[in-house]
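Novice: Have a peek at input04.txt (compact mmCIF, C-alpha atoms).
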# COMPACT_ATOMS: atom_id res chain seq x y z
CA MET R 272 62.88 68.79 -20.43
CA LEU R 273 63.59 71.80 -18.20
CA ILE R 274 61.90 75.15 -18.86
CA GLY R 275 65.30 76.87 -18.89
CA GLU R 276 66.39 74.60 -21.75
CA ILE R 277 63.50 75.56 -24.03
CA LEU R 278 62.62 79.15 -23.05
CA GLU R 279 65.19 81.86 -23.66
CA ARG R 280 64.83 85.34 -22.18
CA ALA R 281 64.71 86.82 -25.69
CA ALA R 282 61.59 84.72 -26.37
CA ILE R 283 59.65 86.38 -23.53
CA ALA R 284 57.43 89.40 -24.19
CA PRO R 285 56.04 90.80 -20.92
CA ARG R 286 53.83 93.55 -22.38
CA VAL R 287 51.92 92.73 -25.53
CA SER R 288 48.77 94.35 -26.86
CA ALA R 289 46.66 92.25 -29.21
CA PRO R 290 42.93 92.65 -29.85
CA ASN R 291 42.09 88.98 -30.48
CA LYS R 292 43.28 85.38 -30.50
CA ARG R 293 44.50 85.49 -34.11
CA GLN R 294 46.67 88.56 -33.39
CA VAL R 295 48.05 86.91 -30.24
CA LEU R 296 49.08 83.90 -32.32
CA ALA R 297 50.62 86.25 -34.91
CA VAL R 298 52.71 87.96 -32.21
CA VAL R 299 53.83 84.57 -30.86
CA SER R 300 54.72 83.52 -34.42
CA GLU R 301 56.81 86.66 -34.99
CA ILE R 302 58.76 86.14 -31.77
CA ALA R 303 59.27 82.46 -32.59
CA ALA R 304 60.39 83.27 -36.15
CA ARG R 305 63.06 85.67 -34.86
CA GLN R 306 64.28 83.28 -32.17
CA PHE R 307 64.20 80.05 -34.19
CA ASP R 308 65.19 81.50 -37.58
CA LEU R 309 62.01 80.17 -39.23
CA GLU R 310 59.24 81.74 -41.31
CA ALA R 311 56.55 83.51 -39.24
CA GLY R 312 53.80 82.63 -41.71
CA SER R 313 54.43 78.89 -41.46
CA ILE R 314 54.54 79.10 -37.65
CA LEU R 315 51.23 80.99 -37.61
CA ASP R 316 49.70 78.42 -39.97
CA ALA R 317 50.80 75.57 -37.69
CA LEU R 318 49.41 77.30 -34.58
CA ALA R 319 46.13 78.19 -36.32
CA GLU R 320 45.73 74.61 -37.57
CA ARG R 321 46.18 73.30 -34.02
CA GLU R 322 43.71 75.86 -32.63
CA ALA R 323 41.16 74.85 -35.27
CA ALA R 324 41.27 71.28 -33.89
CA SER R 325 40.52 72.55 -30.35
CA SER R 326 41.41 75.57 -28.28
CA THR R 327 44.61 75.52 -26.25
CA GLY R 328 43.07 77.82 -23.63
CA VAL R 329 43.56 75.64 -20.55
CA GLY R 330 41.74 77.87 -18.05
CA TYR R 331 42.65 80.44 -15.40
CA GLY R 332 43.66 82.98 -18.05
CA VAL R 333 46.29 80.65 -19.53
CA ALA R 334 46.77 79.30 -23.05
CA VAL R 335 49.39 76.79 -24.16
CA PRO R 336 49.36 76.90 -27.96
CA HIS R 337 51.67 74.36 -29.51
CA ALA R 338 52.79 73.05 -32.86
CA ARG R 339 55.34 70.86 -34.56
CA LEU R 340 57.61 72.80 -36.89
CA GLU R 341 59.71 71.65 -39.80
CA GLY R 342 63.25 72.97 -39.43
CA LEU R 343 63.21 72.94 -35.63
CA GLN R 344 65.93 70.76 -34.11
CA ARG R 345 64.74 70.72 -30.48
CA MET R 346 61.86 71.79 -28.25
CA ARG R 347 61.54 75.58 -27.96
CA ALA R 348 59.11 77.98 -26.28
CA VAL R 349 57.78 81.54 -26.33
CA PHE R 350 56.08 83.28 -23.40
CA VAL R 351 53.79 86.29 -23.85
CA ARG R 352 51.87 88.29 -21.26
CA LEU R 353 49.06 90.41 -22.63
CA ASP R 354 48.25 93.89 -21.34
CA HIS R 355 44.55 93.06 -21.72
CA PRO R 356 43.10 89.52 -21.75
CA VAL R 357 41.49 88.27 -24.97
CA ALA R 358 38.85 85.65 -25.69
CA PHE R 359 40.56 82.35 -26.47
CA ASP R 360 37.72 79.80 -26.42
CA SER R 361 39.19 78.49 -23.16
CA ILE R 362 37.70 75.50 -21.38
CA ASP R 363 36.51 77.79 -18.56
CA ASP R 364 35.33 80.54 -20.97
CA GLN R 365 37.70 83.03 -19.29
CA PRO R 366 39.85 85.39 -21.40
CA VAL R 367 43.58 84.70 -21.60
CA ASP R 368 46.51 86.93 -20.68
CA LEU R 369 49.32 84.38 -20.15
CA ILE R 370 50.50 82.46 -23.20
CA PHE R 371 53.18 79.79 -23.05
CA ALA R 372 53.68 78.53 -26.61
CA LEU R 373 55.54 75.27 -27.20
CA PHE R 374 57.18 74.21 -30.43
CA ALA R 375 58.61 70.79 -31.25
CA PRO R 376 60.42 69.16 -34.13
CA PRO R 377 58.11 66.94 -36.22
CA ASP R 378 59.48 63.72 -34.67
CA ALA R 379 59.40 64.72 -30.95
CA SER R 380 56.11 63.02 -30.04
CA THR R 381 56.63 61.78 -26.47
CA GLU R 382 58.97 64.63 -25.49
CA HIS R 383 56.45 67.14 -26.87
CA LEU R 384 53.56 65.61 -24.90
CA ARG R 385 55.58 65.33 -21.69
CA THR R 386 56.69 68.97 -21.90
CA LEU R 387 53.15 70.09 -22.70
CA ALA R 388 51.85 68.26 -19.61
CA ARG R 389 54.61 69.73 -17.42
CA VAL R 390 53.92 73.30 -18.57
CA SER R 391 50.16 72.85 -18.09
CA ARG R 392 50.70 71.55 -14.52
CA LEU R 393 53.10 74.38 -13.76
CA LEU R 394 50.66 77.07 -14.90
CA ARG R 395 47.80 75.62 -12.84
CA GLN R 396 49.52 77.07 -9.76
CA ALA R 397 47.57 80.19 -8.77
CA ASP R 398 50.51 81.82 -6.97
CA LEU R 399 52.79 81.38 -9.98
CA ARG R 400 50.17 82.84 -12.35
CA GLU R 401 49.81 85.87 -10.09
CA GLN R 402 53.59 86.35 -9.88
CA LEU R 403 53.85 86.10 -13.69
CA ARG R 404 51.16 88.78 -14.00
CA GLN R 405 53.13 91.07 -11.68
CA ALA R 406 56.60 90.48 -13.17
CA ARG R 407 57.77 93.34 -15.36
CA THR R 408 60.82 92.03 -17.21
CA PRO R 409 61.76 88.99 -19.30
CA ASP R 410 64.44 88.19 -16.69
CA ALA R 411 61.88 88.18 -13.87
CA ILE R 412 59.44 86.00 -15.83
CA HIS R 413 62.21 83.60 -16.85
CA ALA R 414 63.43 83.31 -13.24
CA LEU R 415 59.90 82.58 -11.97
CA LEU R 416 59.26 79.87 -14.55
CA VAL R 417 62.66 78.21 -14.18
CA GLN R 418 62.61 78.34 -10.36
CA GLU R 419 59.05 76.99 -10.14
CA ALA R 420 59.75 74.25 -12.68
CA ARG R 421 62.79 73.14 -10.65
CA SER R 422 60.73 73.13 -7.44
CA SER R 423 57.94 71.04 -8.94
CA ALA R 424 60.40 68.57 -10.49
CA ALA R 425 62.08 67.96 -7.12
How does the structure come out when it is put into structure tokens?

Specialist:
Amino acid sequence: MLIGEILERAAIAPRVSAPNKRQVLAVVSEIAARQFDLEAGSILDALAEREAASSTGVGYGVAVPHARLEGLQRMRAVFVRLDHPVAFDSIDDQPVDLIFALFAPPDASTEHLRTLARVSRLLRQADLREQLRQARTPDAIHALLVQEARSSAA
């Protein structure tokens, strides 16, 4: 699954202010609801349930929250960059400012896991994280993620 197939420019928010993890997940849920034509409350519930199992803060200021959603027909994504990092119970105890949220249909088990692994590997690249932090527009962020994903798949 290519990043460009699951992440639309309209699902990228390059400047978000949120005071805590719950508000970050609420913002992600609102963006996802608009883009996927689903209910924000059910998306937030699914993300919160997953976070309760264990944090999706993967380190280096990155979180990859994910959930399976009823009514979703294919893998989709939302990307948010925070103006100020927030505590996210990350594995390295560092606050998070880059959030790449993944959403899958209820029956997409192997595809969901493969895409999750690919996104996590992609965002481990220090130079890409720094470029994402400097990018100012959804188009620039989208181009960075799609270009880097193509490079790492080759």

Novice: Give one line per residue of range 320-367 of chain R that approaches range 388-401 of chain R to at most 10 Å, naming the two atoms of the closest pair and their distance in Å to one decimal, counting only C-alpha atoms; sort by chain then ascending residue number and deliver it as CSV.

Specialist:
residue,atom,partner,partner_atom,distance
R:Val329,CA,R:Ser391,CA,7.6
R:Gly330,CA,R:Arg395,CA,8.3
R:Tyr331,CA,R:Arg395,CA,7.5
R:Gly332,CA,R:Arg400,CA,8.7
R:Val333,CA,R:Leu394,CA,7.3
R:Ala334,CA,R:Ser391,CA,8.8
R:Val335,CA,R:Ser391,CA,7.3

Novice: So how far away is CA of Asn291 in chain R from CA of Gln365 in chain R, in Å?

Specialist: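 Going from CA of Gln365 in chain R over to CA of Asn291 in chain R covers 13.4 Å.
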
Novice: Which one is closest to Ala358 in chain R: R:Ala324, R:Ala289, R:Ala379, R:Leu278? Count all atoms listed in the file.

Specialist: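 The shortest atom-to-atom distance to Ala358 in chain R comes from R:Ala289.
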
Novice: What does the distance between CA of His383 in chain R and CA of Met346 in chain R come to in Å, to one decimal place?

Specialist: 7.3 Å

Novice: Which of these residues is nearest to Gln402 in chain R, using all atoms listed in the file: R:Leu416, R:Asp378, R:Ile277, R:Val357?

Specialist: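 That would be R:Leu416, the residue with the smallest distance to Gln402 in chain R.
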
Novice: Any idea what's packed within 7 Å of Pro376 in chain R, counting only C-alpha atoms, ignoring anything in its chain fewer than 4 positions away? Could you give it as number ranges by chain?

Specialist: R: 339-341, 343-346

Novice: Using Å and a single decimal, report how far CA of Ile302 in chain R sits from CA of Glu276 in chain R.

Specialist: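 Computing the Euclidean distance for CA of Glu276 in chain R and CA of Ile302 in chain R yields 17.1 Å.
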
Novice: Smallest atom-to-atom distance to Ala372 in chain R: which of R:Pro290, R:Pro336, R:Gly342, R:Gly328, using all atoms listed in the file?

Specialist: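 For Ala372 in chain R, the nearest of the candidates is R:Pro336.
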
Novice: Using only C-alpha atoms, find the one residue out of R:His337, R:Arg352, R:Arg347, R:Arg305 that sits nearest to Ile412 in chain R.

Specialist: R:Arg352

Novice: Tell me which protein, DNA and RNA residues are within 9 Å of range 312-316 of chain R, counting all atoms listed in the file, leaving out same-chain ones fewer than 3 positions away, and put them as a list of chain:residue names.

Specialist: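 Surrounding residues, per the criterion: R:Arg293, R:Leu296, R:Ala297, R:Val298, R:Val299, R:Ser300, R:Glu301, R:Ala303, R:Ala304, R:Leu309, R:Ala319, R:Glu320, R:Arg321, R:Ala338, R:Arg339, R:Leu340.
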
Novice: Could N, CA and C atoms be built for range 275-304 of chain R and written out as an mmCIF file, in the frame of the given file?

Specialist:
data_model
loop_
_atom_site.group_PDB
_atom_site.id
_atom_site.type_symbol
_atom_site.label_atom_id
_atom_site.label_comp_id
_atom_site.auth_asym_id
_atom_site.auth_seq_id
_atom_site.Cartn_x
_atom_site.Cartn_y
_atom_site.Cartn_z
ATOM 1 N N GLY R 275 64.137 76.070 -18.532
ATOM 2 C CA GLY R 275 65.300 76.870 -18.890
ATOM 3 C C GLY R 275 65.994 76.398 -20.158
ATOM 4 N N GLU R 276 65.791 75.140 -20.540
ATOM 5 C CA GLU R 276 66.390 74.600 -21.750
ATOM 6 C C GLU R 276 65.608 74.968 -23.009
ATOM 7 N N ILE R 277 64.328 75.288 -22.853
ATOM 8 C CA ILE R 277 63.500 75.560 -24.030
ATOM 9 C C ILE R 277 63.051 77.014 -24.151
ATOM 10 N N LEU R 278 63.090 77.761 -23.040
ATOM 11 C CA LEU R 278 62.620 79.150 -23.050
ATOM 12 C C LEU R 278 63.773 80.104 -22.782
ATOM 13 N N GLU R 279 64.133 80.868 -23.800
ATOM 14 C CA GLU R 279 65.190 81.860 -23.660
ATOM 15 C C GLU R 279 64.570 83.211 -23.279
ATOM 16 N N ARG R 280 65.328 84.027 -22.584
ATOM 17 C CA ARG R 280 64.830 85.340 -22.180
ATOM 18 C C ARG R 280 64.367 86.175 -23.371
ATOM 19 N N ALA R 281 65.059 86.047 -24.485
ATOM 20 C CA ALA R 281 64.710 86.820 -25.690
ATOM 21 C C ALA R 281 63.389 86.361 -26.308
ATOM 22 N N ALA R 282 62.871 85.228 -25.861
ATOM 23 C CA ALA R 282 61.590 84.720 -26.370
ATOM 24 C C ALA R 282 60.447 85.016 -25.401
ATOM 25 N N ILE R 283 60.673 85.978 -24.512
ATOM 26 C CA ILE R 283 59.650 86.380 -23.530
ATOM 27 C C ILE R 283 59.260 87.821 -23.814
ATOM 28 N N ALA R 284 57.959 88.045 -23.969
ATOM 29 C CA ALA R 284 57.430 89.400 -24.190
ATOM 30 C C ALA R 284 56.449 89.716 -23.058
ATOM 31 N N PRO R 285 56.858 90.556 -22.101
ATOM 32 C CA PRO R 285 56.040 90.800 -20.920
ATOM 33 C C PRO R 285 54.900 91.811 -21.092
ATOM 34 N N ARG R 286 54.876 92.551 -22.192
ATOM 35 C CA ARG R 286 53.830 93.550 -22.380
ATOM 36 C C ARG R 286 53.425 93.574 -23.843
ATOM 37 N N VAL R 287 52.380 92.831 -24.154
ATOM 38 C CA VAL R 287 51.920 92.730 -25.530
ATOM 39 C C VAL R 287 50.460 93.170 -25.596
ATOM 40 N N SER R 288 50.155 93.972 -26.600
ATOM 41 C CA SER R 288 48.770 94.350 -26.860
ATOM 42 C C SER R 288 48.322 93.662 -28.137
ATOM 43 N N ALA R 289 47.239 92.930 -28.046
ATOM 44 C CA ALA R 289 46.660 92.250 -29.210
ATOM 45 C C ALA R 289 45.151 92.211 -28.994
ATOM 46 N N PRO R 290 44.380 92.541 -30.028
ATOM 47 C CA PRO R 290 42.930 92.650 -29.850
ATOM 48 C C PRO R 290 42.174 91.318 -29.859
ATOM 49 N N ASN R 291 42.812 90.252 -30.374
ATOM 50 C CA ASN R 291 42.090 88.980 -30.480
ATOM 51 C C ASN R 291 43.064 87.807 -30.541
ATOM 52 N N LYS R 292 42.489 86.619 -30.509
ATOM 53 C CA LYS R 292 43.280 85.380 -30.500
ATOM 54 C C LYS R 292 44.207 85.283 -31.712
ATOM 55 N N ARG R 293 43.685 85.601 -32.888
ATOM 56 C CA ARG R 293 44.500 85.490 -34.110
ATOM 57 C C ARG R 293 45.724 86.407 -34.025
ATOM 58 N N GLN R 294 45.541 87.636 -33.528
ATOM 59 C CA GLN R 294 46.670 88.560 -33.390
ATOM 60 C C GLN R 294 47.658 88.085 -32.337
ATOM 61 N N VAL R 295 47.162 87.476 -31.258
ATOM 62 C CA VAL R 295 48.050 86.910 -30.240
ATOM 63 C C VAL R 295 48.936 85.841 -30.883
ATOM 64 N N LEU R 296 48.317 84.956 -31.657
ATOM 65 C CA LEU R 296 49.080 83.900 -32.320
ATOM 66 C C LEU R 296 50.073 84.480 -33.328
ATOM 67 N N ALA R 297 49.706 85.578 -33.973
ATOM 68 C CA ALA R 297 50.620 86.250 -34.910
ATOM 69 C C ALA R 297 51.825 86.814 -34.167
ATOM 70 N N VAL R 298 51.607 87.424 -33.006
ATOM 71 C CA VAL R 298 52.710 87.960 -32.210
ATOM 72 C C VAL R 298 53.629 86.823 -31.763
ATOM 73 N N VAL R 299 53.038 85.738 -31.267
ATOM 74 C CA VAL R 299 53.830 84.570 -30.860
ATOM 75 C C VAL R 299 54.652 84.059 -32.040
ATOM 76 N N SER R 300 54.035 84.015 -33.213
ATOM 77 C CA SER R 300 54.720 83.520 -34.420
ATOM 78 C C SER R 300 55.897 84.417 -34.797
ATOM 79 N N GLU R 301 55.719 85.725 -34.683
ATOM 80 C CA GLU R 301 56.810 86.660 -34.990
ATOM 81 C C GLU R 301 57.988 86.482 -34.040
ATOM 82 N N ILE R 302 57.691 86.349 -32.756
ATOM 83 C CA ILE R 302 58.760 86.140 -31.770
ATOM 84 C C ILE R 302 59.473 84.819 -32.059
ATOM 85 N N ALA R 303 58.687 83.766 -32.295
ATOM 86 C CA ALA R 303 59.270 82.460 -32.590
ATOM 87 C C ALA R 303 60.120 82.506 -33.857
ATOM 88 N N ALA R 304 59.639 83.186 -34.879
ATOM 89 C CA ALA R 304 60.390 83.270 -36.150
ATOM 90 C C ALA R 304 61.754 83.913 -35.927
#
